[in-house]
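Printed here is my_file.pdb (PDB, C-alpha atoms):
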```pdb
ATOM      1  CA  MET A 217       0.000   0.000   0.000  1.00  0.00           C
ATOM      2  CA  SER A 218       1.358   3.293  -0.984  1.00  0.00           C
ATOM      3  CA  GLY A 219       0.819   6.370   1.209  1.00  0.00           C
ATOM      4  CA  ILE A 220       0.847  10.025   0.268  1.00  0.00           C
ATOM      5  CA  THR A 221       4.297  10.607   1.745  1.00  0.00           C
ATOM      6  CA  GLU A 222       5.941   7.639   0.066  1.00  0.00           C
ATOM      7  CA  PRO A 223       7.987   8.504  -3.030  1.00  0.00           C
ATOM      8  CA  THR A 224       6.556   7.294  -6.292  1.00  0.00           C
ATOM      9  CA  GLY A 225       7.936   7.494  -9.801  1.00  0.00           C
ATOM     10  CA  TYR A 226       6.106  10.763 -10.438  1.00  0.00           C
ATOM     11  CA  ASN A 227       7.560  12.418  -7.319  1.00  0.00           C
ATOM     12  CA  HIS A 228      11.097  11.614  -8.455  1.00  0.00           C
ATOM     13  CA  GLU A 229      10.351  12.940 -11.918  1.00  0.00           C
ATOM     14  CA  ASP A 230       8.918  16.182 -10.489  1.00  0.00           C
ATOM     15  CA  ALA A 231      11.969  16.569  -8.263  1.00  0.00           C
ATOM     16  CA  ALA A 232      14.270  16.165 -11.264  1.00  0.00           C
ATOM     17  CA  PHE A 233      12.347  18.811 -13.229  1.00  0.00           C
ATOM     18  CA  LYS A 234      12.416  21.163 -10.245  1.00  0.00           C
ATOM     19  CA  ALA A 235      16.185  20.712  -9.943  1.00  0.00           C
ATOM     20  CA  LYS A 236      16.665  21.460 -13.667  1.00  0.00           C
ATOM     21  CA  ASP A 237      14.454  24.541 -13.397  1.00  0.00           C
ATOM     22  CA  ALA A 238      16.403  25.733 -10.362  1.00  0.00           C
ATOM     23  CA  GLU A 239      19.690  25.344 -12.284  1.00  0.00           C
ATOM     24  CA  LYS A 240      18.316  27.317 -15.233  1.00  0.00           C
ATOM     25  CA  LEU A 241      17.010  30.061 -12.958  1.00  0.00           C
ATOM     26  CA  ALA A 242      20.369  30.279 -11.173  1.00  0.00           C
ATOM     27  CA  ALA A 243      22.173  30.644 -14.523  1.00  0.00           C
ATOM     28  CA  ILE A 244      19.759  33.353 -15.692  1.00  0.00           C
ATOM     29  CA  ARG A 245      20.084  35.167 -12.358  1.00  0.00           C
ATOM     30  CA  ALA A 246      23.896  35.065 -12.572  1.00  0.00           C
ATOM     31  CA  THR A 247      23.809  36.487 -16.110  1.00  0.00           C
ATOM     32  CA  LEU A 248      21.454  39.290 -15.078  1.00  0.00           C
ATOM     33  CA  ASP A 249      23.569  40.092 -12.003  1.00  0.00           C
ATOM     34  CA  ALA A 250      26.678  40.369 -14.182  1.00  0.00           C
ATOM     35  CA  LYS A 251      24.872  42.681 -16.633  1.00  0.00           C
ATOM     36  CA  ARG A 252      23.579  44.787 -13.751  1.00  0.00           C
ATOM     37  CA  LYS A 253      27.086  45.103 -12.276  1.00  0.00           C
ATOM     38  CA  THR A 254      28.504  46.166 -15.649  1.00  0.00           C
ATOM     39  CA  ALA A 255      25.769  48.785 -16.012  1.00  0.00           C
ATOM     40  CA  GLU A 256      26.457  50.139 -12.497  1.00  0.00           C
ATOM     41  CA  VAL A 257      30.178  50.486 -13.198  1.00  0.00           C
ATOM     42  CA  GLY A 258      29.465  52.216 -16.502  1.00  0.00           C
ATOM     43  CA  SER A 259      27.018  54.692 -14.965  1.00  0.00           C
ATOM     44  CA  ALA A 260      29.418  55.470 -12.092  1.00  0.00           C
ATOM     45  CA  LYS A 261      32.194  56.173 -14.584  1.00  0.00           C
ATOM     46  CA  ALA A 262      29.907  58.366 -16.683  1.00  0.00           C
ATOM     47  CA  ALA A 263      28.901  60.385 -13.611  1.00  0.00           C
ATOM     48  CA  HIS A 264      32.528  61.207 -12.747  1.00  0.00           C
ATOM     49  CA  TRP A 265      34.148  61.242 -16.187  1.00  0.00           C
ATOM     50  CA  MET A 266      36.079  64.459 -16.888  1.00  0.00           C
ATOM     51  CA  CYS A 267      34.985  66.123 -13.623  1.00  0.00           C
ATOM     52  CA  CYS A 268      37.433  68.197 -11.589  1.00  0.00           C
ATOM     53  CA  PRO A 269      38.509  66.439  -8.374  1.00  0.00           C
ATOM     54  CA  LYS A 270      38.735  69.819  -6.592  1.00  0.00           C
ATOM     55  CA  CYS A 271      35.512  71.648  -7.478  1.00  0.00           C
ATOM     56  CA  GLY A 272      33.514  69.123  -9.543  1.00  0.00           C
ATOM     57  CA  GLY A 273      33.516  71.348 -12.648  1.00  0.00           C
ATOM     58  CA  LYS A 274      33.808  70.005 -16.169  1.00  0.00           C
ATOM     59  CA  MET A 275      37.294  69.300 -17.470  1.00  0.00           C
ATOM     60  CA  ALA A 276      38.533  70.087 -20.973  1.00  0.00           C
ATOM     61  CA  GLU A 277      41.494  68.522 -22.748  1.00  0.00           C
ATOM     62  CA  LYS A 278      44.166  70.950 -23.933  1.00  0.00           C
ATOM     63  CA  THR A 279      47.396  70.264 -25.776  1.00  0.00           C
ATOM     64  CA  PHE A 280      50.544  71.655 -24.147  1.00  0.00           C
ATOM     65  CA  GLU A 281      53.978  70.832 -25.551  1.00  0.00           C
ATOM     66  CA  ASN A 282      52.502  67.875 -27.533  1.00  0.00           C
ATOM     67  CA  VAL A 283      50.950  66.388 -24.371  1.00  0.00           C
ATOM     68  CA  VAL A 284      47.184  66.356 -23.809  1.00  0.00           C
ATOM     69  CA  ILE A 285      46.433  67.643 -20.300  1.00  0.00           C
ATOM     70  CA  ASP A 286      43.129  68.143 -18.460  1.00  0.00           C
ATOM     71  CA  VAL A 287      42.140  71.682 -17.414  1.00  0.00           C
ATOM     72  CA  CYS A 288      39.126  72.555 -15.264  1.00  0.00           C
ATOM     73  CA  ALA A 289      36.834  75.135 -16.846  1.00  0.00           C
ATOM     74  CA  SER A 290      35.658  76.328 -13.405  1.00  0.00           C
ATOM     75  CA  CYS A 291      38.702  76.646 -11.146  1.00  0.00           C
ATOM     76  CA  GLY A 292      41.471  76.426 -13.759  1.00  0.00           C
ATOM     77  CA  GLY A 293      43.140  73.430 -12.129  1.00  0.00           C
ATOM     78  CA  VAL A 294      45.512  71.429 -14.318  1.00  0.00           C
ATOM     79  CA  TYR A 295      45.579  67.642 -13.985  1.00  0.00           C
ATOM     80  CA  PHE A 296      47.785  65.017 -15.581  1.00  0.00           C
ATOM     81  CA  ASP A 297      46.944  61.450 -16.481  1.00  0.00           C
ATOM     82  CA  ALA A 298      49.473  58.716 -15.702  1.00  0.00           C
ATOM     83  CA  GLY A 299      52.768  59.425 -17.451  1.00  0.00           C
ATOM     84  CA  GLU A 300      51.877  62.868 -18.820  1.00  0.00           C
ATOM     85  CA  LEU A 301      53.994  64.799 -16.339  1.00  0.00           C
ATOM     86  CA  GLU A 302      56.996  62.589 -17.108  1.00  0.00           C
ATOM     87  CA  LEU A 303      56.505  63.295 -20.818  1.00  0.00           C
ATOM     88  CA  LEU A 304      56.516  67.033 -20.171  1.00  0.00           C
ATOM     89  CA  ILE A 305      59.639  66.823 -18.026  1.00  0.00           C
ATOM     90  CA  LYS A 306      61.446  64.784 -20.699  1.00  0.00           C
ATOM     91  CA  HIS A 307      60.306  67.252 -23.340  1.00  0.00           C
ATOM     92  CA  GLU A 308      61.757  70.179 -21.435  1.00  0.00           C
ATOM     93  CA  LYS A 309      65.440  70.359 -22.310  1.00  0.00           C
ATOM     94  CA  ASN A 310      66.118  73.879 -21.126  1.00  0.00           C
ATOM     95  CA  GLU A 311      67.012  74.116 -17.400  1.00  0.00           C
ATOM     96  CA  ALA A 312      65.788  77.744 -17.359  1.00  0.00           C
ATOM     97  CA  SER A 313      62.278  76.735 -18.397  1.00  0.00           C
ATOM     98  CA  PHE A 314      59.472  76.741 -15.857  1.00  0.00           C
ATOM     99  CA  LEU A 315      59.274  72.969 -15.554  1.00  0.00           C
ATOM    100  CA  GLY A 316      63.044  72.710 -15.406  1.00  0.00           C
ATOM    101  CA  ARG A 317      63.186  75.137 -12.489  1.00  0.00           C
ATOM    102  CA  PHE A 318      60.138  73.687 -10.767  1.00  0.00           C
ATOM    103  CA  PHE A 319      61.308  70.049 -10.893  1.00  0.00           C
ATOM    104  CA  ARG A 320      65.073  70.604 -10.667  1.00  0.00           C
ATOM    105  CA  GLY A 321      66.838  68.004  -8.644  1.00  0.00           C
TER
END
```
Go ahead and render the structure in this file as structure tokens.
Amino acid sequence: MSGITEPTGYNHEDAAFKAKDAEKLAAIRATLDAKRKTAEVGSAKAAHWMCCPKCGGKMAEKTFENVVIDVCASCGGVYFDAGELELLIKHEKNEASFLGRFFRG
């Protein structure tokens, strides 16, 4: 005699389908979480891209001595990306120049 709580062939089959569905849902959830994370990083970058770290104003790229530097339109601050200052120092050959005097040593 088979009771309601005893496993039958149909219960095992339902359990297998539930497990497959759970795996598919987990994969879909992981994909959506990854897309959401990528979107969050992109929107955070867009919110801060080319903004002055001092006053929050918009930055503009200007060419100085063949190096593109960032200048704030609000406060006039000048900011260098990685390696740009070194390029300017190497470009300056004259010790009497501003950069030569400023970074002498």
Residues within 12 Å of range 289-295 of chain A, all atoms listed in the file, excluding chain neighbours under 2 positions, as number ranges by chain: A: 266-280, 283-287, 297-301
Point-to-point distance in Å for CA of Lys251 in chain A and CA of Glu239 in chain A: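 Separating CA of Glu239 in chain A from CA of Lys251 in chain A is a distance of 18.6 Å.
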Pairwise distance for CA of Asn282 in chain A and CA of Leu303 in chain A, rounded to one decimal in Å: 9.1 Å
